[in-house]
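Pasted below: structure-v5.pdb, PDB, C-alpha atoms, pLDDT in the B column.
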ATOM      1  CA  MET A  19     -31.398 -17.430  24.688  1.00 50.00           C
ATOM      2  CA  ASN A  20     -35.007 -17.240  23.710  1.00 51.00           C
ATOM      3  CA  GLY A  21     -38.365 -18.921  24.209  1.00 49.00           C
ATOM      4  CA  ALA A  22     -41.675 -18.625  26.043  1.00 59.00           C
ATOM      5  CA  ALA A  23     -42.149 -19.046  29.784  1.00 63.00           C
ATOM      6  CA  ALA A  24     -40.975 -22.381  31.171  1.00 65.00           C
ATOM      7  CA  PRO A  25     -43.316 -24.635  33.172  1.00 68.00           C
ATOM      8  CA  GLU A  26     -43.416 -23.783  36.872  1.00 78.00           C
ATOM      9  CA  HIS A  27     -42.219 -27.260  37.856  1.00 91.00           C
ATOM     10  CA  LEU A  28     -39.363 -28.824  35.917  1.00 95.00           C
ATOM     11  CA  ARG A  29     -38.224 -32.426  36.146  1.00 96.00           C
ATOM     12  CA  ILE A  30     -34.524 -32.746  35.353  1.00 97.00           C
ATOM     13  CA  LEU A  31     -32.314 -35.704  34.467  1.00 97.00           C
ATOM     14  CA  ILE A  32     -28.532 -35.391  34.845  1.00 97.00           C
ATOM     15  CA  ALA A  33     -26.034 -37.464  32.843  1.00 97.00           C
ATOM     16  CA  GLU A  34     -22.482 -37.060  34.165  1.00 96.00           C
ATOM     17  CA  ASP A  35     -19.856 -39.733  34.748  1.00 94.00           C
ATOM     18  CA  VAL A  36     -17.787 -37.867  37.355  1.00 93.00           C
ATOM     19  CA  ASP A  37     -19.558 -38.400  40.679  1.00 93.00           C
ATOM     20  CA  LEU A  38     -18.306 -35.195  42.284  1.00 93.00           C
ATOM     21  CA  VAL A  39     -19.501 -33.102  39.343  1.00 92.00           C
ATOM     22  CA  ALA A  40     -22.844 -34.929  39.180  1.00 93.00           C
ATOM     23  CA  GLU A  41     -23.403 -34.410  42.889  1.00 94.00           C
ATOM     24  CA  ALA A  42     -22.558 -30.714  42.554  1.00 93.00           C
ATOM     25  CA  PHE A  43     -25.055 -30.309  39.691  1.00 93.00           C
ATOM     26  CA  GLU A  44     -27.735 -32.155  41.655  1.00 94.00           C
ATOM     27  CA  ALA A  45     -27.143 -30.050  44.753  1.00 94.00           C
ATOM     28  CA  LEU A  46     -27.183 -26.816  42.745  1.00 93.00           C
ATOM     29  CA  LEU A  47     -30.306 -27.582  40.747  1.00 94.00           C
ATOM     30  CA  GLY A  48     -32.094 -29.131  43.708  1.00 90.00           C
ATOM     31  CA  THR A  49     -32.073 -25.790  45.517  1.00 92.00           C
ATOM     32  CA  GLU A  50     -33.620 -23.895  42.604  1.00 93.00           C
ATOM     33  CA  PRO A  51     -37.349 -23.195  43.120  1.00 93.00           C
ATOM     34  CA  GLY A  52     -39.454 -25.309  40.774  1.00 94.00           C
ATOM     35  CA  PHE A  53     -36.602 -27.688  39.879  1.00 96.00           C
ATOM     36  CA  GLU A  54     -36.689 -31.387  40.743  1.00 95.00           C
ATOM     37  CA  VAL A  55     -33.761 -33.660  39.858  1.00 96.00           C
ATOM     38  CA  VAL A  56     -35.556 -36.934  39.151  1.00 96.00           C
ATOM     39  CA  GLY A  57     -32.503 -39.031  38.324  1.00 96.00           C
ATOM     40  CA  ARG A  58     -28.844 -39.341  37.426  1.00 96.00           C
ATOM     41  CA  VAL A  59     -27.026 -41.638  35.020  1.00 97.00           C
ATOM     42  CA  ALA A  60     -23.302 -41.994  34.378  1.00 96.00           C
ATOM     43  CA  ARG A  61     -23.339 -43.355  30.818  1.00 96.00           C
ATOM     44  CA  GLY A  62     -24.573 -42.035  27.515  1.00 96.00           C
ATOM     45  CA  ASP A  63     -26.149 -45.352  26.578  1.00 96.00           C
ATOM     46  CA  GLU A  64     -28.328 -45.165  29.710  1.00 97.00           C
ATOM     47  CA  VAL A  65     -29.930 -41.828  28.830  1.00 97.00           C
ATOM     48  CA  ARG A  66     -32.728 -43.044  26.562  1.00 96.00           C
ATOM     49  CA  ALA A  67     -33.979 -45.643  29.064  1.00 96.00           C
ATOM     50  CA  ALA A  68     -33.807 -43.102  31.893  1.00 96.00           C
ATOM     51  CA  VAL A  69     -35.813 -40.578  29.880  1.00 96.00           C
ATOM     52  CA  ASP A  70     -38.442 -43.191  29.072  1.00 95.00           C
ATOM     53  CA  ARG A  71     -38.654 -44.258  32.717  1.00 95.00           C
ATOM     54  CA  LEU A  72     -38.449 -40.897  34.522  1.00 96.00           C
ATOM     55  CA  ARG A  73     -40.118 -38.560  31.992  1.00 96.00           C
ATOM     56  CA  PRO A  74     -37.972 -35.481  32.668  1.00 97.00           C
ATOM     57  CA  ASP A  75     -38.724 -32.126  31.092  1.00 96.00           C
ATOM     58  CA  VAL A  76     -35.019 -31.432  30.551  1.00 97.00           C
ATOM     59  CA  ALA A  77     -32.021 -33.760  30.267  1.00 97.00           C
ATOM     60  CA  VAL A  78     -28.715 -32.096  31.174  1.00 97.00           C
ATOM     61  CA  LEU A  79     -26.021 -34.209  29.512  1.00 97.00           C
ATOM     62  CA  ASP A  80     -22.246 -34.097  29.600  1.00 95.00           C
ATOM     63  CA  VAL A  81     -20.882 -34.420  26.063  1.00 92.00           C
ATOM     64  CA  ASP A  82     -17.993 -36.685  27.060  1.00 90.00           C
ATOM     65  CA  LEU A  83     -19.768 -39.763  28.458  1.00 94.00           C
ATOM     66  CA  PRO A  84     -18.804 -43.451  28.322  1.00 94.00           C
ATOM     67  CA  GLY A  85     -20.973 -45.851  26.348  1.00 94.00           C
ATOM     68  CA  ALA A  86     -22.215 -43.104  24.026  1.00 93.00           C
ATOM     69  CA  THR A  87     -21.429 -39.410  23.841  1.00 92.00           C
ATOM     70  CA  GLY A  88     -23.927 -36.858  25.047  1.00 94.00           C
ATOM     71  CA  ILE A  89     -24.424 -35.842  21.418  1.00 92.00           C
ATOM     72  CA  GLU A  90     -25.212 -39.432  20.418  1.00 93.00           C
ATOM     73  CA  ALA A  91     -27.588 -39.720  23.371  1.00 96.00           C
ATOM     74  CA  ALA A  92     -29.306 -36.464  22.428  1.00 95.00           C
ATOM     75  CA  ALA A  93     -30.058 -37.861  18.974  1.00 94.00           C
ATOM     76  CA  GLU A  94     -32.073 -40.664  20.599  1.00 94.00           C
ATOM     77  CA  VAL A  95     -34.141 -38.414  22.872  1.00 92.00           C
ATOM     78  CA  ARG A  96     -37.337 -36.911  21.529  1.00 84.00           C
ATOM     79  CA  ASP A  97     -39.553 -36.641  24.610  1.00 87.00           C
ATOM     80  CA  CYS A  98     -37.708 -33.914  26.498  1.00 94.00           C
ATOM     81  CA  ALA A  99     -35.435 -30.936  25.883  1.00 96.00           C
ATOM     82  CA  VAL A 100     -31.696 -31.623  25.893  1.00 97.00           C
ATOM     83  CA  LEU A 101     -29.055 -29.264  27.256  1.00 97.00           C
ATOM     84  CA  LEU A 102     -25.456 -30.335  26.659  1.00 96.00           C
ATOM     85  CA  LEU A 103     -22.550 -29.300  28.861  1.00 94.00           C
ATOM     86  CA  THR A 104     -19.009 -29.645  27.578  1.00 88.00           C
ATOM     87  CA  ALA A 105     -15.365 -28.883  28.137  1.00 84.00           C
ATOM     88  CA  LEU A 106     -14.814 -29.158  24.367  1.00 74.00           C
ATOM     89  CA  GLU A 107     -14.652 -25.822  22.576  1.00 70.00           C
ATOM     90  CA  GLY A 108     -14.388 -27.025  18.973  1.00 71.00           C
ATOM     91  CA  PRO A 109     -17.132 -25.537  16.768  1.00 70.00           C
ATOM     92  CA  GLY A 110     -17.798 -28.920  15.167  1.00 77.00           C
ATOM     93  CA  HIS A 111     -19.097 -30.266  18.469  1.00 81.00           C
ATOM     94  CA  LEU A 112     -21.716 -27.513  18.597  1.00 85.00           C
ATOM     95  CA  GLN A 113     -22.746 -28.139  14.998  1.00 81.00           C
ATOM     96  CA  ARG A 114     -23.208 -31.852  15.670  1.00 84.00           C
ATOM     97  CA  ALA A 115     -25.087 -31.152  18.897  1.00 89.00           C
ATOM     98  CA  LEU A 116     -27.623 -28.970  17.116  1.00 87.00           C
ATOM     99  CA  ALA A 117     -27.961 -31.523  14.323  1.00 87.00           C
ATOM    100  CA  ALA A 118     -28.712 -34.142  16.991  1.00 91.00           C
ATOM    101  CA  GLY A 119     -31.602 -32.052  18.297  1.00 92.00           C
ATOM    102  CA  ALA A 120     -30.074 -30.451  21.385  1.00 94.00           C
ATOM    103  CA  ARG A 121     -31.612 -27.109  22.349  1.00 94.00           C
ATOM    104  CA  GLY A 122     -28.790 -25.992  24.600  1.00 94.00           C
ATOM    105  CA  TYR A 123     -25.003 -26.142  24.477  1.00 94.00           C
ATOM    106  CA  LEU A 124     -22.881 -24.552  27.192  1.00 94.00           C
ATOM    107  CA  LEU A 125     -19.318 -24.857  28.394  1.00 90.00           C
ATOM    108  CA  LYS A 126     -18.851 -26.386  31.834  1.00 89.00           C
ATOM    109  CA  THR A 127     -17.211 -23.134  32.864  1.00 89.00           C
ATOM    110  CA  THR A 128     -20.576 -21.368  32.644  1.00 91.00           C
ATOM    111  CA  THR A 129     -22.017 -19.725  35.740  1.00 93.00           C
ATOM    112  CA  ALA A 130     -24.700 -21.287  37.889  1.00 93.00           C
ATOM    113  CA  THR A 131     -27.052 -18.446  36.958  1.00 94.00           C
ATOM    114  CA  ARG A 132     -26.578 -19.035  33.240  1.00 94.00           C
ATOM    115  CA  LEU A 133     -27.092 -22.781  33.663  1.00 95.00           C
ATOM    116  CA  VAL A 134     -30.382 -22.268  35.494  1.00 95.00           C
ATOM    117  CA  GLU A 135     -31.528 -19.752  32.876  1.00 95.00           C
ATOM    118  CA  ALA A 136     -30.571 -22.143  30.094  1.00 96.00           C
ATOM    119  CA  ILE A 137     -32.577 -24.979  31.618  1.00 96.00           C
ATOM    120  CA  ARG A 138     -35.664 -22.784  31.849  1.00 95.00           C
ATOM    121  CA  THR A 139     -35.109 -21.559  28.294  1.00 95.00           C
ATOM    122  CA  VAL A 140     -34.834 -24.987  26.673  1.00 96.00           C
ATOM    123  CA  ALA A 141     -37.780 -26.250  28.738  1.00 95.00           C
ATOM    124  CA  ALA A 142     -39.854 -23.450  27.226  1.00 94.00           C
ATOM    125  CA  GLY A 143     -38.860 -24.442  23.699  1.00 93.00           C
ATOM    126  CA  GLY A 144     -36.082 -21.912  23.219  1.00 94.00           C
ATOM    127  CA  THR A 145     -32.369 -22.305  22.587  1.00 93.00           C
ATOM    128  CA  ALA A 146     -29.445 -21.604  24.901  1.00 94.00           C
ATOM    129  CA  ILE A 147     -26.077 -21.565  23.153  1.00 91.00           C
ATOM    130  CA  ASP A 148     -22.802 -20.272  24.517  1.00 88.00           C
ATOM    131  CA  PRO A 149     -22.352 -17.052  22.493  1.00 83.00           C
ATOM    132  CA  ASP A 150     -18.595 -17.430  22.013  1.00 78.00           C
ATOM    133  CA  LEU A 151     -19.025 -20.966  20.685  1.00 79.00           C
ATOM    134  CA  ALA A 152     -21.801 -19.803  18.374  1.00 71.00           C
ATOM    135  CA  VAL A 153     -19.598 -17.080  16.893  1.00 66.00           C
ATOM    136  CA  GLU A 154     -16.703 -19.506  16.416  1.00 71.00           C
ATOM    137  CA  ALA A 155     -18.972 -22.031  14.705  1.00 67.00           C
ATOM    138  CA  LEU A 156     -20.180 -19.363  12.278  1.00 67.00           C
ATOM    139  CA  ARG A 157     -16.627 -18.275  11.520  1.00 67.00           C
ATOM    140  CA  SER A 158     -15.270 -21.756  10.925  1.00 66.00           C
ATOM    141  CA  GLY A 159     -18.179 -23.042   8.863  1.00 67.00           C
ATOM    142  CA  PRO A 160     -18.944 -26.728   8.338  1.00 76.00           C
ATOM    143  CA  SER A 161     -16.312 -29.442   8.414  1.00 79.00           C
ATOM    144  CA  PRO A 162     -14.334 -29.625   5.154  1.00 84.00           C
ATOM    145  CA  LEU A 163     -13.739 -33.353   5.628  1.00 85.00           C
ATOM    146  CA  THR A 164     -15.611 -36.116   3.870  1.00 88.00           C
ATOM    147  CA  GLU A 165     -17.120 -38.948   5.890  1.00 88.00           C
ATOM    148  CA  ARG A 166     -14.388 -41.336   4.758  1.00 92.00           C
ATOM    149  CA  GLU A 167     -11.646 -38.865   5.645  1.00 91.00           C
ATOM    150  CA  VAL A 168     -13.143 -38.628   9.126  1.00 89.00           C
ATOM    151  CA  ASP A 169     -13.095 -42.432   9.417  1.00 92.00           C
ATOM    152  CA  VAL A 170      -9.445 -42.533   8.409  1.00 93.00           C
ATOM    153  CA  LEU A 171      -8.379 -39.729  10.764  1.00 91.00           C
ATOM    154  CA  ARG A 172     -10.176 -41.327  13.696  1.00 89.00           C
ATOM    155  CA  LEU A 173      -8.097 -44.445  13.169  1.00 94.00           C
ATOM    156  CA  VAL A 174      -4.962 -42.310  12.883  1.00 93.00           C
ATOM    157  CA  GLY A 175      -5.844 -40.982  16.331  1.00 92.00           C
ATOM    158  CA  LEU A 176      -5.937 -44.554  17.618  1.00 92.00           C
ATOM    159  CA  GLY A 177      -2.407 -45.094  16.398  1.00 92.00           C
ATOM    160  CA  ARG A 178      -3.297 -47.311  13.437  1.00 93.00           C
ATOM    161  CA  SER A 179      -0.841 -47.701  10.585  1.00 93.00           C
ATOM    162  CA  THR A 180      -1.807 -47.166   6.943  1.00 93.00           C
ATOM    163  CA  GLU A 181      -1.965 -50.933   6.477  1.00 92.00           C
ATOM    164  CA  ASP A 182      -4.143 -51.372   9.568  1.00 93.00           C
ATOM    165  CA  ILE A 183      -6.511 -48.623   8.403  1.00 93.00           C
ATOM    166  CA  ALA A 184      -6.765 -50.202   4.959  1.00 94.00           C
ATOM    167  CA  THR A 185      -7.629 -53.567   6.491  1.00 93.00           C
ATOM    168  CA  GLU A 186     -10.164 -52.179   8.945  1.00 93.00           C
ATOM    169  CA  LEU A 187     -11.957 -50.023   6.358  1.00 94.00           C
ATOM    170  CA  HIS A 188     -11.632 -52.572   3.536  1.00 94.00           C
ATOM    171  CA  LEU A 189      -9.657 -50.157   1.380  1.00 92.00           C
ATOM    172  CA  SER A 190      -6.383 -50.361  -0.500  1.00 93.00           C
ATOM    173  CA  ARG A 191      -3.334 -48.758   1.072  1.00 91.00           C
ATOM    174  CA  GLY A 192      -3.152 -46.355  -1.868  1.00 92.00           C
ATOM    175  CA  THR A 193      -6.727 -45.239  -1.249  1.00 93.00           C
ATOM    176  CA  VAL A 194      -5.989 -44.672   2.437  1.00 93.00           C
ATOM    177  CA  ARG A 195      -2.939 -42.593   1.514  1.00 92.00           C
ATOM    178  CA  ASN A 196      -5.115 -40.531  -0.843  1.00 92.00           C
ATOM    179  CA  TYR A 197      -7.670 -39.895   1.898  1.00 92.00           C
ATOM    180  CA  LEU A 198      -4.896 -38.844   4.274  1.00 93.00           C
ATOM    181  CA  SER A 199      -3.340 -36.567   1.670  1.00 92.00           C
ATOM    182  CA  ASN A 200      -6.681 -34.924   0.934  1.00 90.00           C
ATOM    183  CA  ALA A 201      -7.403 -34.447   4.636  1.00 89.00           C
ATOM    184  CA  MET A 202      -3.993 -32.898   5.226  1.00 92.00           C
ATOM    185  CA  THR A 203      -4.570 -30.492   2.337  1.00 90.00           C
ATOM    186  CA  ARG A 204      -8.034 -29.497   3.562  1.00 87.00           C
ATOM    187  CA  LEU A 205      -6.717 -28.889   7.077  1.00 86.00           C
ATOM    188  CA  ASP A 206      -3.453 -27.224   6.008  1.00 87.00           C
ATOM    189  CA  ALA A 207      -1.540 -29.887   7.927  1.00 88.00           C
ATOM    190  CA  THR A 208       1.961 -31.150   7.211  1.00 90.00           C
ATOM    191  CA  SER A 209       1.487 -34.622   8.701  1.00 91.00           C
ATOM    192  CA  ARG A 210      -1.264 -37.126   9.387  1.00 90.00           C
ATOM    193  CA  ALA A 211      -0.778 -36.577  13.121  1.00 92.00           C
ATOM    194  CA  GLN A 212      -1.216 -32.839  12.708  1.00 90.00           C
ATOM    195  CA  ALA A 213      -4.310 -33.379  10.556  1.00 90.00           C
ATOM    196  CA  PHE A 214      -5.826 -35.526  13.285  1.00 90.00           C
ATOM    197  CA  ALA A 215      -4.966 -32.948  15.955  1.00 88.00           C
ATOM    198  CA  VAL A 216      -6.511 -30.080  13.977  1.00 85.00           C
ATOM    199  CA  ALA A 217      -9.685 -32.017  13.181  1.00 85.00           C
ATOM    200  CA  GLU A 218     -10.086 -33.182  16.775  1.00 82.00           C
ATOM    201  CA  ARG A 219      -9.539 -29.689  18.189  1.00 79.00           C
ATOM    202  CA  ARG A 220     -12.167 -28.232  15.878  1.00 78.00           C
ATOM    203  CA  GLY A 221     -14.681 -30.955  16.733  1.00 75.00           C
ATOM    204  CA  TRP A 222     -14.791 -32.470  13.264  1.00 82.00           C
ATOM    205  CA  LEU A 223     -14.153 -36.073  14.329  1.00 80.00           C
TER     206      LEU A 223
END
Show this structure as structure tokens.
Amino acid sequence: MNGAAAPEHLRILIAEDVDLVAEAFEALLGTEPGFEVVGRVARGDEVRAAVDRLRPDVAVLDVDLPGATGIEAAAEVRDCAVLLLTALEGPGHLQRALAAGARGYLLKTTTATRLVEAIRTVAAGGTAIDPDLAVEALRSGPSPLTEREVDVLRLVGLGRSTEDIATELHLSRGTVRNYLSNAMTRLDATSRAQAFAVAERRGWL
């Protein structure tokens, strides 16, 4: 974590779809001196409007939100710092979060002290990244999959057949099979299902 001193008074927006978790975050942050929770939303596609309306200094977003993911929501926010919280450990999620403009990325298992420190850090213009996730992201490198291979594997995860994938993506069945074969090779997988599982676990989908 790094950065200059944070403002003395911080306005915070929380985006979390599980009420119990959202209430716990609000209660925790509301007791921190200088913190004010100015609003809560339960959907990713509500974040941008809430930021425009409430003008928070920091938006604390769950990655796994309905409507739009926290990463997708972060890409639309430019007027406040974004700190993402996640239960997903795949290095690809971190890489996409940073590409979307997030300044912080922590696991939901983090301590209350680290969360508070991270909020102050990102508010001051610094970054707050879970160190274990950062190391794993460096070790794994960028996704080896092409954009089209990602599209195909996502549909595999939805249970689509080769014919269904070809129809949905406007491709021939042979082309779909080639994409699947290439993805399996890149991921050292022996089946399309295993390729999907590996890519999903690593956060590459």
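Atom pair CA of Gly48 (chain A) / CA of Val81 (chain A): separated by 21.6 Å.
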### One-decimal distance in Å that lies between CA of Ala217 (chain A) and CA of Ala77 (chain A)
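Answer for the CA of Ala77 (chain A) to CA of Ala217 (chain A) separation: 28.2 Å.
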### Task
List the residues matched by the PyMOL selection byres ((chain A and resi 219) around 9) in the displayed structure as JSON, numbers by chain, ordered by chain and then by residue number.
{"A": [106, 107, 108, 109, 110, 214, 215, 216, 217, 218, 220, 221, 222, 223]}
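Note that CA of Arg61 (chain A) and CA of Arg178 (chain A) are 26.8 Å apart.
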### Message
Going by the chain IDs and residue numbers used in this file, which residues fall under the PyMOL selection byres ((chain A and resi 165-173) around 10)? Write them as number ranges by chain.
### Response
A: 161-164, 174-180, 182-184, 186-187, 194-202, 210-211, 213-215, 217-218, 222-223
Dump of C-alpha atoms for the selected residues, as a PDB file, keeping the file's coordinate frame:
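Writing the result to selection34.pdb gives the following:
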ATOM      1  CA  SER A 161     -16.312 -29.442   8.414  1.00 79.00           C
ATOM      2  CA  PRO A 162     -14.334 -29.625   5.154  1.00 84.00           C
ATOM      3  CA  LEU A 163     -13.739 -33.353   5.628  1.00 85.00           C
ATOM      4  CA  THR A 164     -15.611 -36.116   3.870  1.00 88.00           C
ATOM      5  CA  VAL A 174      -4.962 -42.310  12.883  1.00 93.00           C
ATOM      6  CA  GLY A 175      -5.844 -40.982  16.331  1.00 92.00           C
ATOM      7  CA  LEU A 176      -5.937 -44.554  17.618  1.00 92.00           C
ATOM      8  CA  GLY A 177      -2.407 -45.094  16.398  1.00 92.00           C
ATOM      9  CA  ARG A 178      -3.297 -47.311  13.437  1.00 93.00           C
ATOM     10  CA  SER A 179      -0.841 -47.701  10.585  1.00 93.00           C
ATOM     11  CA  THR A 180      -1.807 -47.166   6.943  1.00 93.00           C
ATOM     12  CA  ASP A 182      -4.143 -51.372   9.568  1.00 93.00           C
ATOM     13  CA  ILE A 183      -6.511 -48.623   8.403  1.00 93.00           C
ATOM     14  CA  ALA A 184      -6.765 -50.202   4.959  1.00 94.00           C
ATOM     15  CA  GLU A 186     -10.164 -52.179   8.945  1.00 93.00           C
ATOM     16  CA  LEU A 187     -11.957 -50.023   6.358  1.00 94.00           C
ATOM     17  CA  VAL A 194      -5.989 -44.672   2.437  1.00 93.00           C
ATOM     18  CA  ARG A 195      -2.939 -42.593   1.514  1.00 92.00           C
ATOM     19  CA  ASN A 196      -5.115 -40.531  -0.843  1.00 92.00           C
ATOM     20  CA  TYR A 197      -7.670 -39.895   1.898  1.00 92.00           C
ATOM     21  CA  LEU A 198      -4.896 -38.844   4.274  1.00 93.00           C
ATOM     22  CA  SER A 199      -3.340 -36.567   1.670  1.00 92.00           C
ATOM     23  CA  ASN A 200      -6.681 -34.924   0.934  1.00 90.00           C
ATOM     24  CA  ALA A 201      -7.403 -34.447   4.636  1.00 89.00           C
ATOM     25  CA  MET A 202      -3.993 -32.898   5.226  1.00 92.00           C
ATOM     26  CA  ARG A 210      -1.264 -37.126   9.387  1.00 90.00           C
ATOM     27  CA  ALA A 211      -0.778 -36.577  13.121  1.00 92.00           C
ATOM     28  CA  ALA A 213      -4.310 -33.379  10.556  1.00 90.00           C
ATOM     29  CA  PHE A 214      -5.826 -35.526  13.285  1.00 90.00           C
ATOM     30  CA  ALA A 215      -4.966 -32.948  15.955  1.00 88.00           C
ATOM     31  CA  ALA A 217      -9.685 -32.017  13.181  1.00 85.00           C
ATOM     32  CA  GLU A 218     -10.086 -33.182  16.775  1.00 82.00           C
ATOM     33  CA  TRP A 222     -14.791 -32.470  13.264  1.00 82.00           C
ATOM     34  CA  LEU A 223     -14.153 -36.073  14.329  1.00 80.00           C
TER      35      LEU A 223
END
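Excluding Ala93 (chain A) and any residue on its chain fewer than 5 positions from it, the residues at most 12 Å away by all atoms listed in the file are Gly62, Asp63, Val65, Arg66, Leu79, Ala86, Thr87, Gly88, Cys98, Ala99, Val100, Leu101, Leu102, Arg114, Ala115, Leu116, Ala117, Ala118, Gly119, Ala120 and Arg121 of chain A.
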### Message
Could you check the closest approach to Asp82 (chain A) for each of A:Ala207, A:His111, A:Asp150, A:His27 and tell me which residue wins, using only C-alpha atoms?
### Response
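Smallest distance to Asp82 (chain A) is found for A:His111.
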### Query
Which residue, A:Ala130, A:Ile137, A:Ile89, A:Leu31, has the smallest gap to Ala67 (chain A) when you use all atoms listed in the file?
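Among the listed residues, the smallest separation from Ala67 (chain A) belongs to A:Leu31.
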### Query
Nearest to Pro160 (chain A): which of A:Val56, A:Ile32, A:Ala142, A:Leu112 is it, counting all atoms listed in the file?
A:Leu112
### Message
Counting all atoms listed in the file, which residue out of A:Val55, A:Leu151, A:Ala146, A:Leu72 sits closest to Ala105 (chain A)?
### Response
A:Leu151
Can you list what the PyMOL selection byres ((chain A and resi 143) around 8) grabs from this structure, as a JSON list (two decimals) with C-alpha atoms, keeping the file's coordinate frame?
[["chain", "number", "residue", "atom", "x", "y", "z"],
["A", 21, "GLY", "CA", -38.36, -18.92, 24.21],
["A", 22, "ALA", "CA", -41.68, -18.62, 26.04],
["A", 99, "ALA", "CA", -35.44, -30.94, 25.88],
["A", 121, "ARG", "CA", -31.61, -27.11, 22.35],
["A", 139, "THR", "CA", -35.11, -21.56, 28.29],
["A", 140, "VAL", "CA", -34.83, -24.99, 26.67],
["A", 141, "ALA", "CA", -37.78, -26.25, 28.74],
["A", 142, "ALA", "CA", -39.85, -23.45, 27.23],
["A", 144, "GLY", "CA", -36.08, -21.91, 23.22],
["A", 145, "THR", "CA", -32.37, -22.30, 22.59]]
### Query
So which one's closest to Ile30 (chain A), A:Leu83, A:Leu103, A:Ala68, A:Ala91? Using all atoms listed in the file, please.
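Between A:Leu83, A:Leu103, A:Ala68, A:Ala91, the residue approaching Ile30 (chain A) most closely is A:Ala68.
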Can you sort out region 46-51 of chain A so it carries all heavy atoms, written as a PDB file, keeping the file's coordinate frame?
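Everything below was put into rebuild_4.pdb:
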ATOM      1  N   LEU A  46     -26.882 -28.154  43.255  1.00 93.00           N
ATOM      2  CA  LEU A  46     -27.183 -26.816  42.745  1.00 93.00           C
ATOM      3  C   LEU A  46     -28.615 -26.724  42.235  1.00 93.00           C
ATOM      4  O   LEU A  46     -29.382 -25.832  42.619  1.00 93.00           O
ATOM      5  CB  LEU A  46     -26.210 -26.461  41.621  1.00 93.00           C
ATOM      6  CG  LEU A  46     -26.559 -25.227  40.778  1.00 93.00           C
ATOM      7  CD1 LEU A  46     -26.456 -23.971  41.618  1.00 93.00           C
ATOM      8  CD2 LEU A  46     -25.651 -25.143  39.552  1.00 93.00           C
ATOM      9  N   LEU A  47     -28.987 -27.654  41.371  1.00 94.00           N
ATOM     10  CA  LEU A  47     -30.306 -27.582  40.747  1.00 94.00           C
ATOM     11  C   LEU A  47     -31.408 -27.930  41.739  1.00 94.00           C
ATOM     12  O   LEU A  47     -32.536 -27.441  41.614  1.00 94.00           O
ATOM     13  CB  LEU A  47     -30.355 -28.525  39.539  1.00 94.00           C
ATOM     14  CG  LEU A  47     -29.353 -28.202  38.426  1.00 94.00           C
ATOM     15  CD1 LEU A  47     -29.463 -29.227  37.303  1.00 94.00           C
ATOM     16  CD2 LEU A  47     -29.554 -26.794  37.891  1.00 94.00           C
ATOM     17  N   GLY A  48     -31.086 -28.752  42.724  1.00 90.00           N
ATOM     18  CA  GLY A  48     -32.094 -29.131  43.708  1.00 90.00           C
ATOM     19  C   GLY A  48     -32.528 -27.996  44.614  1.00 90.00           C
ATOM     20  O   GLY A  48     -33.593 -28.063  45.231  1.00 90.00           O
ATOM     21  N   THR A  49     -31.715 -26.942  44.686  1.00 92.00           N
ATOM     22  CA  THR A  49     -32.073 -25.790  45.517  1.00 92.00           C
ATOM     23  C   THR A  49     -32.829 -24.719  44.750  1.00 92.00           C
ATOM     24  O   THR A  49     -33.315 -23.755  45.334  1.00 92.00           O
ATOM     25  CB  THR A  49     -30.806 -25.145  46.121  1.00 92.00           C
ATOM     26  OG1 THR A  49     -29.969 -24.659  45.068  1.00 92.00           O
ATOM     27  CG2 THR A  49     -30.033 -26.156  46.955  1.00 92.00           C
ATOM     28  N   GLU A  50     -32.938 -24.890  43.434  1.00 93.00           N
ATOM     29  CA  GLU A  50     -33.620 -23.895  42.604  1.00 93.00           C
ATOM     30  C   GLU A  50     -35.127 -24.106  42.690  1.00 93.00           C
ATOM     31  O   GLU A  50     -35.635 -25.204  42.479  1.00 93.00           O
ATOM     32  CB  GLU A  50     -33.169 -24.014  41.152  1.00 93.00           C
ATOM     33  CG  GLU A  50     -33.753 -22.962  40.220  1.00 93.00           C
ATOM     34  CD  GLU A  50     -33.262 -21.561  40.527  1.00 93.00           C
ATOM     35  OE1 GLU A  50     -32.201 -21.420  41.171  1.00 93.00           O
ATOM     36  OE2 GLU A  50     -33.946 -20.604  40.112  1.00 93.00           O
ATOM     37  N   PRO A  51     -35.893 -23.062  43.024  1.00 93.00           N
ATOM     38  CA  PRO A  51     -37.349 -23.195  43.120  1.00 93.00           C
ATOM     39  C   PRO A  51     -37.959 -23.729  41.822  1.00 93.00           C
ATOM     40  O   PRO A  51     -37.634 -23.255  40.731  1.00 93.00           O
ATOM     41  CB  PRO A  51     -37.820 -21.760  43.391  1.00 93.00           C
ATOM     42  CG  PRO A  51     -36.644 -21.097  44.045  1.00 93.00           C
ATOM     43  CD  PRO A  51     -35.437 -21.695  43.377  1.00 93.00           C
TER      44      PRO A  51
END
